[in-house]
Structure formats: C-alpha cells, structure tokens
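*Asks:* See work04.cif below, with mmCIF, C-alpha atoms and all ligand atoms.
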```
data_coords
loop_
_atom_site.label_atom_id
_atom_site.label_comp_id
_atom_site.auth_asym_id
_atom_site.auth_seq_id
_atom_site.Cartn_x
_atom_site.Cartn_y
_atom_site.Cartn_z
CA MET A 28 33.45 64.63 -251.48
CA ALA A 29 32.32 63.13 -254.74
CA GLN A 30 35.97 62.70 -255.62
CA THR A 31 36.54 59.80 -253.27
CA HIS A 32 35.20 56.33 -253.85
CA TYR A 33 35.88 52.79 -252.90
CA ASN A 34 36.05 50.25 -255.61
CA ARG A 35 34.96 47.06 -253.92
CA SER A 36 36.08 43.91 -255.56
CA THR A 37 33.25 41.43 -255.70
CA THR A 38 35.27 38.59 -254.21
CA GLY A 39 37.31 40.15 -251.48
CA GLY A 40 34.96 42.74 -250.08
CA LEU A 41 36.40 45.76 -248.41
CA LEU A 42 39.80 44.26 -247.60
CA MET A 43 40.49 43.77 -251.26
CA SER A 44 39.15 47.15 -252.26
CA THR A 45 41.22 49.54 -254.30
CA TRP A 46 41.28 52.96 -252.83
CA ILE A 47 40.96 55.71 -255.41
CA ASP A 48 41.30 59.31 -254.52
CA PHE A 49 40.41 60.81 -257.90
CA LYS A 50 41.81 64.21 -257.10
CA GLU A 51 45.13 62.89 -255.89
CA LEU A 52 45.41 60.43 -258.75
CA ARG A 53 44.74 63.17 -261.28
CA SER A 54 47.45 65.36 -259.80
CA LYS A 55 50.00 62.51 -259.88
CA LEU A 56 49.31 61.25 -263.39
CA ASP A 57 51.46 62.49 -266.25
CA PHE A 58 49.18 63.07 -269.23
CA GLU A 59 52.04 62.60 -271.65
CA GLN A 60 52.79 59.17 -270.17
CA VAL A 61 49.12 58.30 -270.28
CA LEU A 62 48.86 59.23 -273.96
CA ARG A 63 51.93 57.10 -274.72
CA HIS A 64 50.44 54.30 -272.65
CA TYR A 65 47.58 54.23 -275.15
CA GLY A 66 50.04 54.15 -278.02
CA PHE A 67 49.93 57.76 -279.18
CA GLU A 68 52.81 59.77 -280.42
CA VAL A 69 53.02 62.95 -278.38
CA LYS A 70 54.16 66.06 -280.21
CA ARG A 71 54.97 68.37 -277.38
CA LYS A 72 55.20 72.12 -277.88
CA GLY A 73 55.67 73.75 -274.52
CA ASN A 74 52.84 72.36 -272.42
CA GLN A 75 50.69 71.60 -275.42
CA HIS A 76 50.11 68.55 -277.57
CA HIS A 77 48.17 68.86 -280.84
CA GLY A 78 47.26 65.97 -283.06
CA PHE A 79 44.60 63.73 -284.49
CA CYS A 80 41.90 62.73 -282.06
CA PRO A 81 42.74 59.33 -280.58
CA LEU A 82 39.31 58.72 -279.05
CA PRO A 83 37.52 55.63 -280.38
CA ASN A 84 34.19 57.48 -280.51
CA HIS A 85 35.64 60.46 -282.38
CA ASN A 86 33.07 61.32 -285.02
CA GLY A 87 34.47 64.50 -286.51
CA LYS A 88 36.91 64.76 -289.38
CA LYS A 89 39.48 61.99 -289.14
CA ASN A 90 42.35 63.74 -290.86
CA SER A 91 42.50 67.11 -289.17
CA PRO A 92 44.46 67.71 -285.98
CA SER A 93 41.43 68.58 -283.88
CA PHE A 94 42.72 67.20 -280.60
CA SER A 95 44.72 69.27 -278.15
CA ALA A 96 45.92 68.57 -274.64
CA ASN A 97 47.49 70.72 -271.99
CA LEU A 98 50.01 68.24 -270.62
CA GLU A 99 50.79 70.40 -267.62
CA LYS A 100 47.21 70.81 -266.49
CA GLY A 101 46.22 67.30 -267.59
CA ILE A 102 43.22 68.43 -269.64
CA PHE A 103 42.23 67.91 -273.24
CA GLN A 104 39.63 68.81 -275.81
CA CYS A 105 38.72 67.85 -279.34
CA PHE A 106 37.19 70.39 -281.67
CA GLY A 107 36.00 67.57 -283.92
CA CYS A 108 33.96 65.36 -281.62
CA GLY A 109 33.50 67.87 -278.81
CA ALA A 110 35.01 65.61 -276.16
CA LYS A 111 36.86 67.34 -273.36
CA GLY A 112 37.87 66.80 -269.80
CA ASN A 113 40.73 65.69 -267.58
CA VAL A 114 43.07 62.76 -267.82
CA LEU A 115 40.62 60.39 -266.11
CA ASP A 116 37.80 61.40 -268.43
CA PHE A 117 40.20 60.66 -271.26
CA ALA A 118 40.93 57.18 -269.91
CA ALA A 119 37.20 56.48 -269.60
CA LEU A 120 36.58 57.62 -273.18
CA MET A 121 39.40 55.37 -274.37
CA ILE A 122 37.44 52.37 -273.09
CA LYS A 123 34.33 53.78 -274.81
CA ALA A 124 32.74 54.57 -271.47
CA ASP A 125 30.96 57.71 -270.40
CA PRO A 126 33.08 59.67 -267.88
CA LYS A 127 29.84 60.69 -266.15
CA ASP A 128 29.22 57.05 -265.33
CA GLY A 129 30.87 56.71 -261.93
CA ALA A 130 31.53 52.97 -262.20
CA ALA A 131 33.14 53.26 -265.62
CA LEU A 132 35.27 56.18 -264.54
CA ARG A 133 36.45 54.15 -261.55
CA THR A 134 37.37 51.21 -263.76
CA ALA A 135 39.44 53.45 -266.02
CA ALA A 136 41.01 55.26 -263.07
CA ALA A 137 41.86 52.00 -261.29
CA GLU A 138 43.78 50.80 -264.33
CA LEU A 139 45.85 53.97 -264.52
CA GLN A 140 46.47 53.94 -260.79
CA LYS A 141 47.65 50.34 -260.82
CA ARG A 142 50.06 51.09 -263.63
CA PHE A 143 51.39 54.53 -262.80
CA CYS A 144 50.71 55.22 -259.13
CA PRO A 145 50.39 51.87 -257.31
CA GLU A 146 51.45 53.55 -254.07
CA LEU A 147 48.08 55.35 -253.98
CA GLY A 148 46.06 52.13 -253.70
CA GLY A 149 45.26 50.22 -250.53
CA LYS A 150 44.94 53.06 -248.07
CA PRO A 151 44.23 51.91 -244.53
CA GLN A 152 40.79 50.66 -243.85
CA ALA A 153 40.41 53.03 -240.92
CA LYS A 154 40.10 55.81 -243.45
CA GLU A 155 36.66 54.62 -244.42
CA LYS A 156 35.36 54.80 -240.88
CA THR A 157 36.30 58.43 -240.69
CA GLU A 158 34.51 59.08 -243.97
CA LYS A 159 30.91 59.95 -243.20
CA GLN A 160 29.96 59.60 -246.81
CA PRO A 161 27.85 56.51 -247.47
CA ALA A 162 29.19 54.21 -250.15
CA LYS A 163 27.70 55.09 -253.50
CA PRO A 164 25.54 52.40 -255.05
CA GLU A 165 27.56 50.63 -257.69
CA THR A 166 25.95 51.17 -261.04
CA GLU A 167 26.77 48.56 -263.58
CA SER A 168 29.22 49.63 -266.18
CA LEU A 169 26.95 49.39 -269.21
CA PRO A 170 27.80 50.47 -272.73
CA VAL A 171 26.45 53.89 -273.61
CA VAL A 172 24.65 54.59 -276.87
CA VAL A 173 24.17 58.25 -277.74
CA ASN A 174 21.33 59.56 -279.92
CA ALA A 175 20.26 56.13 -281.09
CA PRO A 176 17.63 56.28 -283.85
CA LEU A 177 14.13 55.59 -282.52
CA ASP A 178 12.47 52.41 -283.69
CA PHE A 179 9.03 53.99 -283.41
CA GLU A 180 7.19 57.19 -284.23
CA LEU A 181 4.66 58.90 -282.00
CA LYS A 182 1.23 58.17 -283.41
CA GLY A 183 -1.93 60.19 -283.04
CA LEU A 184 -0.35 63.61 -282.68
CA ASP A 185 -2.93 66.34 -283.18
CA ALA A 186 -1.65 68.62 -285.94
CA GLU A 187 -4.82 70.71 -285.74
CA HIS A 188 -4.29 71.86 -282.17
CA PRO A 189 -4.85 75.64 -281.93
CA TYR A 190 -1.53 76.32 -280.19
CA LEU A 191 0.54 76.69 -283.35
CA PHE A 192 -2.25 78.20 -285.48
CA ASN A 193 -2.72 80.89 -282.85
CA ARG A 194 0.95 81.74 -283.21
CA GLY A 195 0.62 82.22 -286.92
CA PHE A 196 2.03 78.92 -288.12
CA THR A 197 0.38 77.42 -291.16
CA LYS A 198 -0.77 73.88 -291.79
CA GLU A 199 2.10 73.47 -294.28
CA THR A 200 4.70 74.48 -291.70
CA ILE A 201 3.21 72.20 -289.05
CA GLU A 202 3.23 69.27 -291.47
CA HIS A 203 6.70 70.06 -292.78
CA PHE A 204 8.16 69.81 -289.29
CA GLY A 205 5.91 66.92 -288.18
CA LEU A 206 4.53 68.85 -285.20
CA GLY A 207 1.49 67.86 -283.22
CA PHE A 208 -0.13 68.00 -279.81
CA CYS A 209 0.52 64.94 -277.67
CA SER A 210 -2.20 63.85 -275.29
CA ARG A 211 -0.49 61.05 -273.41
CA GLY A 212 2.72 59.68 -272.04
CA TYR A 213 5.90 61.57 -271.35
CA LEU A 214 4.91 64.47 -273.62
CA LYS A 215 1.34 64.73 -272.38
CA ASN A 216 -0.12 68.23 -272.92
CA ARG A 217 2.87 69.26 -274.99
CA MET A 218 3.55 70.03 -278.59
CA ALA A 219 5.73 67.16 -279.83
CA ILE A 220 8.68 68.19 -281.97
CA PRO A 221 10.52 65.42 -283.87
CA LEU A 222 14.30 65.68 -283.61
CA HIS A 223 16.53 64.34 -286.37
CA ASP A 224 20.27 63.84 -286.18
CA ASN A 225 22.67 65.08 -288.81
CA GLU A 226 21.82 62.15 -291.07
CA GLY A 227 18.09 62.81 -290.78
CA LYS A 228 17.34 59.87 -288.48
CA LEU A 229 14.65 60.44 -285.88
CA VAL A 230 16.46 60.35 -282.52
CA GLY A 231 13.79 61.67 -280.19
CA TYR A 232 11.08 64.20 -279.51
CA ALA A 233 11.15 67.48 -277.71
CA GLY A 234 7.93 68.61 -276.07
CA ARG A 235 6.86 72.18 -275.53
CA VAL A 236 4.24 73.12 -272.96
CA VAL A 237 1.18 74.58 -274.69
CA ASP A 238 -0.11 76.40 -271.62
CA ASP A 239 2.65 78.63 -270.26
CA SER A 240 0.78 79.12 -266.98
CA THR A 241 1.56 75.48 -266.11
CA ILE A 242 5.34 75.98 -266.37
CA THR A 243 7.11 75.14 -263.10
CA GLU A 244 10.47 73.74 -262.12
CA ASP A 245 9.03 70.25 -262.50
CA ASN A 246 7.16 71.11 -265.67
CA PRO A 247 9.67 73.04 -267.76
CA ARG A 248 8.82 74.85 -270.97
CA TYR A 249 10.70 72.24 -272.99
CA ARG A 250 11.21 68.59 -272.25
CA LEU A 251 13.91 66.62 -274.04
CA PRO A 252 14.52 62.87 -274.16
CA GLY A 253 16.17 61.56 -271.00
CA GLU A 254 18.49 58.67 -270.30
CA ARG A 255 17.11 55.17 -270.29
CA LYS A 256 18.37 51.64 -269.72
CA HIS A 257 17.32 49.03 -272.20
CA ASP A 258 18.75 45.75 -273.51
CA GLY A 259 21.82 46.00 -271.28
CA LYS A 260 22.74 49.41 -272.64
CA ILE A 261 22.34 52.98 -271.52
CA PHE A 262 20.69 55.21 -274.09
CA GLU A 263 21.52 58.86 -273.85
CA PHE A 264 20.24 61.87 -275.74
CA ARG A 265 22.55 64.81 -276.40
CA LYS A 266 21.25 67.82 -278.25
CA THR A 267 24.79 69.24 -278.38
CA LEU A 268 25.74 66.77 -281.12
CA PHE A 269 23.43 68.06 -283.86
CA LEU A 270 21.55 71.10 -285.11
CA TYR A 271 17.79 71.24 -285.26
CA ASN A 272 16.82 71.14 -288.96
CA GLY A 273 20.50 70.68 -289.83
CA PHE A 274 19.87 67.43 -291.71
CA ARG A 275 17.97 69.36 -294.40
CA ILE A 276 21.17 71.07 -295.48
CA LYS A 277 22.58 68.52 -297.86
CA ALA A 278 25.47 70.55 -299.25
CA PRO A 279 27.26 73.71 -298.09
CA VAL A 280 25.12 76.81 -298.67
CA ASP A 281 25.94 80.45 -299.34
CA ASP A 282 23.85 81.72 -296.44
CA LEU A 283 22.88 79.93 -293.25
CA ILE A 284 20.67 81.42 -290.56
CA VAL A 285 21.24 80.26 -286.98
CA VAL A 286 18.60 80.84 -284.31
CA GLU A 287 18.27 79.60 -280.75
CA ALA A 288 14.85 78.00 -280.78
CA PHE A 289 12.67 75.62 -282.76
CA THR A 290 10.06 78.33 -283.28
CA GLY A 291 12.58 80.57 -285.05
CA VAL A 292 13.30 77.78 -287.52
CA TRP A 293 9.59 77.25 -288.22
CA TRP A 294 8.90 80.95 -288.60
CA LEU A 295 11.76 81.74 -290.96
CA THR A 296 11.12 78.61 -293.02
CA GLN A 297 7.46 79.60 -293.32
CA HIS A 298 8.60 82.93 -294.73
CA GLY A 299 10.61 81.34 -297.47
CA ILE A 300 14.06 81.40 -295.92
CA GLN A 301 15.77 78.23 -297.08
CA SER A 302 18.54 77.33 -294.70
CA VAL A 303 17.76 77.80 -291.01
CA VAL A 304 19.03 75.79 -288.08
CA ALA A 305 18.69 76.07 -284.31
CA THR A 306 21.12 75.22 -281.54
CA MET A 307 18.14 74.33 -279.31
CA GLY A 308 19.05 76.77 -276.58
CA ALA A 309 21.36 79.66 -275.86
CA ASP A 310 24.44 77.43 -275.77
CA CYS A 311 26.36 76.29 -278.79
CA SER A 312 28.66 73.29 -278.47
CA GLU A 313 31.90 72.99 -280.40
CA LYS A 314 30.35 70.13 -282.33
CA GLN A 315 27.43 72.35 -283.33
CA ALA A 316 29.84 75.10 -284.34
CA GLU A 317 31.73 72.61 -286.48
CA LEU A 318 28.46 71.56 -288.14
CA ILE A 319 27.56 75.19 -288.82
CA VAL A 320 30.94 75.83 -290.44
CA ALA A 321 30.64 72.66 -292.52
CA SER A 322 27.14 73.72 -293.72
CA VAL A 323 28.38 76.99 -295.23
CA LYS A 324 30.63 77.47 -298.24
CA SER A 325 34.04 78.87 -297.39
CA ASN A 326 33.04 82.21 -298.94
CA GLY A 327 29.49 82.04 -297.55
CA ARG A 328 27.89 83.75 -294.59
CA VAL A 329 26.51 82.70 -291.23
CA TRP A 330 23.68 84.95 -290.04
CA ILE A 331 22.94 84.72 -286.35
CA VAL A 332 19.57 85.85 -285.05
CA PRO A 333 19.50 85.37 -281.29
CA ASP A 334 16.67 86.51 -279.04
CA GLY A 335 16.81 90.09 -277.81
CA ASP A 336 17.79 89.28 -274.24
CA LYS A 337 20.79 88.44 -272.05
CA ALA A 338 20.81 84.78 -273.07
CA GLY A 339 20.65 85.81 -276.71
CA GLU A 340 23.62 88.09 -276.24
CA ARG A 341 25.58 85.20 -274.74
CA HIS A 342 24.47 82.99 -277.59
CA ALA A 343 25.79 85.48 -280.13
CA GLN A 344 29.12 85.85 -278.33
CA THR A 345 29.58 82.08 -278.19
CA LEU A 346 28.81 81.68 -281.89
CA LEU A 347 31.09 84.55 -282.86
CA ALA A 348 33.98 83.12 -280.86
CA LEU A 349 33.60 79.64 -282.32
CA ILE A 350 32.70 80.40 -285.93
CA SER A 351 34.14 83.77 -286.95
CA PRO A 352 37.68 82.35 -287.42
CA TYR A 353 36.23 80.19 -290.22
CA ARG A 354 33.27 81.99 -291.80
CA PHE A 355 32.04 85.51 -292.43
CA MET A 356 29.29 86.31 -289.92
CA ARG A 357 26.44 88.77 -289.52
CA TRP A 358 24.61 89.33 -286.25
CA ILE A 359 21.01 90.44 -286.65
CA LYS A 360 20.16 92.13 -283.36
CA MET A 361 16.59 91.84 -282.19
CA ALA A 362 15.02 94.62 -280.16
CA ASP A 363 14.79 94.03 -276.41
CA ASP A 364 12.63 91.04 -275.51
CA LYS A 365 11.90 90.27 -279.16
CA GLN A 366 12.48 86.94 -280.86
CA PRO A 367 12.86 85.89 -284.49
CA THR A 368 9.13 84.98 -284.47
CA ASP A 369 8.39 88.69 -283.95
CA LEU A 370 9.90 89.55 -287.33
CA SER A 371 7.23 90.51 -289.87
CA ALA A 372 7.01 89.10 -293.35
CA ALA A 373 8.30 92.42 -294.72
CA GLU A 374 11.27 92.49 -292.36
CA LEU A 375 12.13 88.95 -293.25
CA LYS A 376 11.84 89.67 -296.95
CA ASN A 377 14.22 92.62 -296.81
CA GLY A 378 16.38 91.75 -293.85
CA PHE A 379 18.45 88.85 -295.10
CA ILE A 380 20.72 87.94 -297.93
ZN ZN A 401 37.66 63.83 -281.23
#
```
Taking this structure as input, can you express it in the form of structure tokens?
Ligand SMILES: [Zn+2]
*Replies:*
Amino acid sequence: MAQTHYNRSTTGGLLMSTWIDFKELRSKLDFEQVLRHYGFEVKRKGNQHHGFCPLPNHNGKKNSPSFSANLEKGIFQCFGCGAKGNVLDFAALMIKADPKDGAALRTAAAELQKRFCPELGGKPQAKEKTEKQPAKPETESLPVVVNAPLDFELKGLDAEHPYLFNRGFTKETIEHFGLGFCSRGYLKNRMAIPLHDNEGKLVGYAGRVVDDSTITEDNPRYRLPGERKHDGKIFEFRKTLFLYNGFRIKAPVDDLIVVEAFTGVWWLTQHGIQSVVATMGADCSEKQAELIVASVKSNGRVWIVPDGDKAGERHAQTLLALISPYRFMRWIKMADDKQPTDLSAAELKNGFI
C-alpha cells in the first residue's frame, strides 16, 4: 500500500492532485529513455548499461565506470558511491534528494510521469474514496546532508570508568580512541565512541551500553546517531559510508585487518597491530569494500577476523565476495562464540603477517 500516494497541489486541493501509482509508473518507464532524459549517453550491451556514475552526489572515483544499470529491470547500482535502487530512486538522486524521503521521491516521480506517462496522472477521484489508507502527512522536501562534521565535542566523558579497564583495555588505548563514559543526554550510561569519517572529521558518536543486563529492544547494545532536522536541512548519519578507524590509514598498506566491531579495533591496536578497521557490524557496504581495497596495496593482503558465529560467517562471505576480485585475502576463523578480543597477546603476536 505504501506504493500509492496522492500528490496534492497546494493551490488546487484534491481536484488538482497528480495521481502517482509508483508501481505502475515504474513498470511503464523506460530506464534507457530516463537516462537519456538526464543527458547521459547509454552504452547498451544486452540489457546492461555500464558507464561513469552520473549521480551528482557520486563520491567515489570519477574516472572509473562504476555505474551499471539493468535497463530491462529498471534498476541500477554504483560500486563507487554505493547508490542503488530503481528508476524512481535514480530520479530522486538526480535532484540530490533522498529516495527514502517520500515527498522528494514523489516530486521526482511526478516529473517523470508528466513527461513519459502522462496518461497515468489524474485518475478518477472516486479511487481515493475506495482507498482506506489515510493520506500520508506531507513532509517538506528538505535537502539532506549525510555525515556532516559535528561542530561540537562531547565534554566530560569519564575515561576512567571501569568498564573498559575491566575488559583489559589500557589507559593509552582509551585515550587513543577518545573513549569515555557518558553520564547524560542521548548516550547516558553508555561508553561514547567518537566516529570519524574517511577524512578524519568527527561525524558522530556511537554509544555502547556498559551494563549488558539493561539491553532491551528499546535500549540496544549500540546506539548510533539518528536523523535530525536543523537549519532547514535533514542531517543523516550513515555508517555504511566509512570504516571505523579507516581515517588513520593515510596511504595503502601491505596488510590490513578488518574486524566487525569497535572492540576488535581497540584490542588489536593495543597489541601493536598497525592497520585495523571495523565495518561496525556484520554487514559490509560496497562503499566500505571500496575503501578497504583502496587502503591496501595491489600486492597487499586483507585479513578478515570476524566473530565466531553465524553473523561473523556472513560477514566473511560478504567481504570475500566484494574484495577477493581485487586483493589477496586471508580469513582468520575464530572458534565458536569467540571474538577478536578473545585473542591472547601471544596469538596476536604470531597469528598475523
Ligand atoms: Zn556513483
């Protein structure tokens, strides 16, 4: 049901509204035509188009053909910037809007419908009466800013809190990563973890519960920055666009260790391992995979050390699929239910590199 919306014009009310049936519109639109509409040269091979990414927010390499579209299915993806979706998502991204923003998606869809499928607009008004679905509140179509650098730092974090000491982390490690217990606000009763983007700019804080017995659905183990409206813009945080600790790798290295969690990064760093990054969860986005590849010399190695559980297995499979075409990889398998933080100093000394 979420596919169907009315787009009420502000002047004419319902009579002037443009009917958009997203599903129907998507099936009628010709992706090749849409690409040409935006001025792109389509190099068709069978159902596929490959080329440079046309998206205005593309932030990967500019001169590699990272963009591919299945013109038959009307879907696309870009290995460079990680964008993917259907033809309507594409249209939204072309106007620098977030496809998840219903109002922006409607604006983009309405434009394509008017141009390519005008016959789909203006369905009879009676249709609405049969629709039980209440009209969705119109959110303003605000510009979206992703991973904006913070203009403040959390003050008064307690770096002496026993949580990390009890887990074997040293004062040096805690200071190096800027960790500390937060006693108020959004991260109250959590260990605050500063998050830096690929350029090393502080873009937010993660917060880890220090008392696992308090973990519930509403109080998850980790809390990440949410979305907020400010100054007429929507600020969004996306962990999929960077690697934790990735900014410390200034030039491609011979050996890079990839773990799932923050704690793995702290632990391995504390034991003298130089280049460690985390994907911040069992998923790895294409953007993160691209960053991993770019952080390792072409004859270097990517060592993956996922947790010894089902999610870790999935993590490893994802990384292997995305990275092994480009870099030599080694998978260090942890014993069942073990994590990189369970590795002893001796194992870490002999296990890598
Ligand atoms: Zn792109």
*Asks:* List all protein, DNA and RNA residues that have an atom no more than 9 Å from any atom of ligand ZN 401 (chain A), counting all atoms listed in the file, and report them as an MDAnalysis selection string.
*Replies:* chainID A and resid 79:89 93:94 104:111
*Asks:* Can you tell me how far CA of Pro279 in chain A sits from CA of Gly227 in chain A, in Å to one decimal?
*Replies:*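 That distance, rounded to one decimal, is 16.0 Å.
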*Asks:* A:Arg265, A:Arg341, A:Lys50, A:Lys182: which is nearest Gly212 in chain A, counting only C-alpha atoms?
*Replies:* A:Lys182
*Asks:* Near range 136-138 of chain A, counting all atoms listed in the file, which residues have an atom at most 10 Å away, once you skip same-chain residues fewer than 2 positions from it, shown as a PyMOL selection string?
*Replies:* chain A and resi 34+45-49+52-53+114-119+130-134+140-145+148
*Asks:* Which residue is closest to Cys311 in chain A? Choose from A:Val280, A:Gly335, A:Trp293, A:Ile350 and count all atoms listed in the file.
*Replies:*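 Using all atoms listed in the file, Cys311 in chain A sits closest to A:Ile350.
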*Asks:* Determine, counting all atoms listed in the file, which protein, DNA and RNA residues have an atom within 12 Å of an atom of Gly73 in chain A; residues of the same chain fewer than 5 positions away are not included. Present the result as a list in words.
*Replies:*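 Here the qualifying residues turn out to be Ala96, Asn97, Leu98 and Glu99 of chain A.
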*Asks:* Looking at A:His223, A:His188, A:Lys127, A:Arg217, which one is nearest to Asn174 in chain A, with distances taken over only C-alpha atoms?
*Replies:*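 When distances to Asn174 in chain A are compared using only C-alpha atoms, the smallest one comes from A:His223.
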*Asks:* When distances are computed from only C-alpha atoms, which of A:Asp258, A:Glu199, A:Glu180, A:Glu374 shows the smallest separation from Pro221 in chain A?
*Replies:* A:Glu180
*Asks:* So which residues are close to (16.6, 71.0, -296.6), meaning at most 9 Å away in the file's coordinates with all atoms listed in the file counted, and can you show them as a ChimeraX atom specification?
*Replies:* /A:272-277,301-303
*Asks:* How about saving the chosen residues, C-alpha atoms kept, as a compact mmCIF listing (two decimals), keeping the file's coordinate frame?
*Replies:*
```
# COMPACT_ATOMS: atom_id res chain seq x y z
CA ASN A 272 16.82 71.14 -288.96
CA GLY A 273 20.50 70.68 -289.83
CA PHE A 274 19.87 67.43 -291.71
CA ARG A 275 17.97 69.36 -294.40
CA ILE A 276 21.17 71.07 -295.48
CA LYS A 277 22.58 68.52 -297.86
CA GLN A 301 15.77 78.23 -297.08
CA SER A 302 18.54 77.33 -294.70
CA VAL A 303 17.76 77.80 -291.01
```
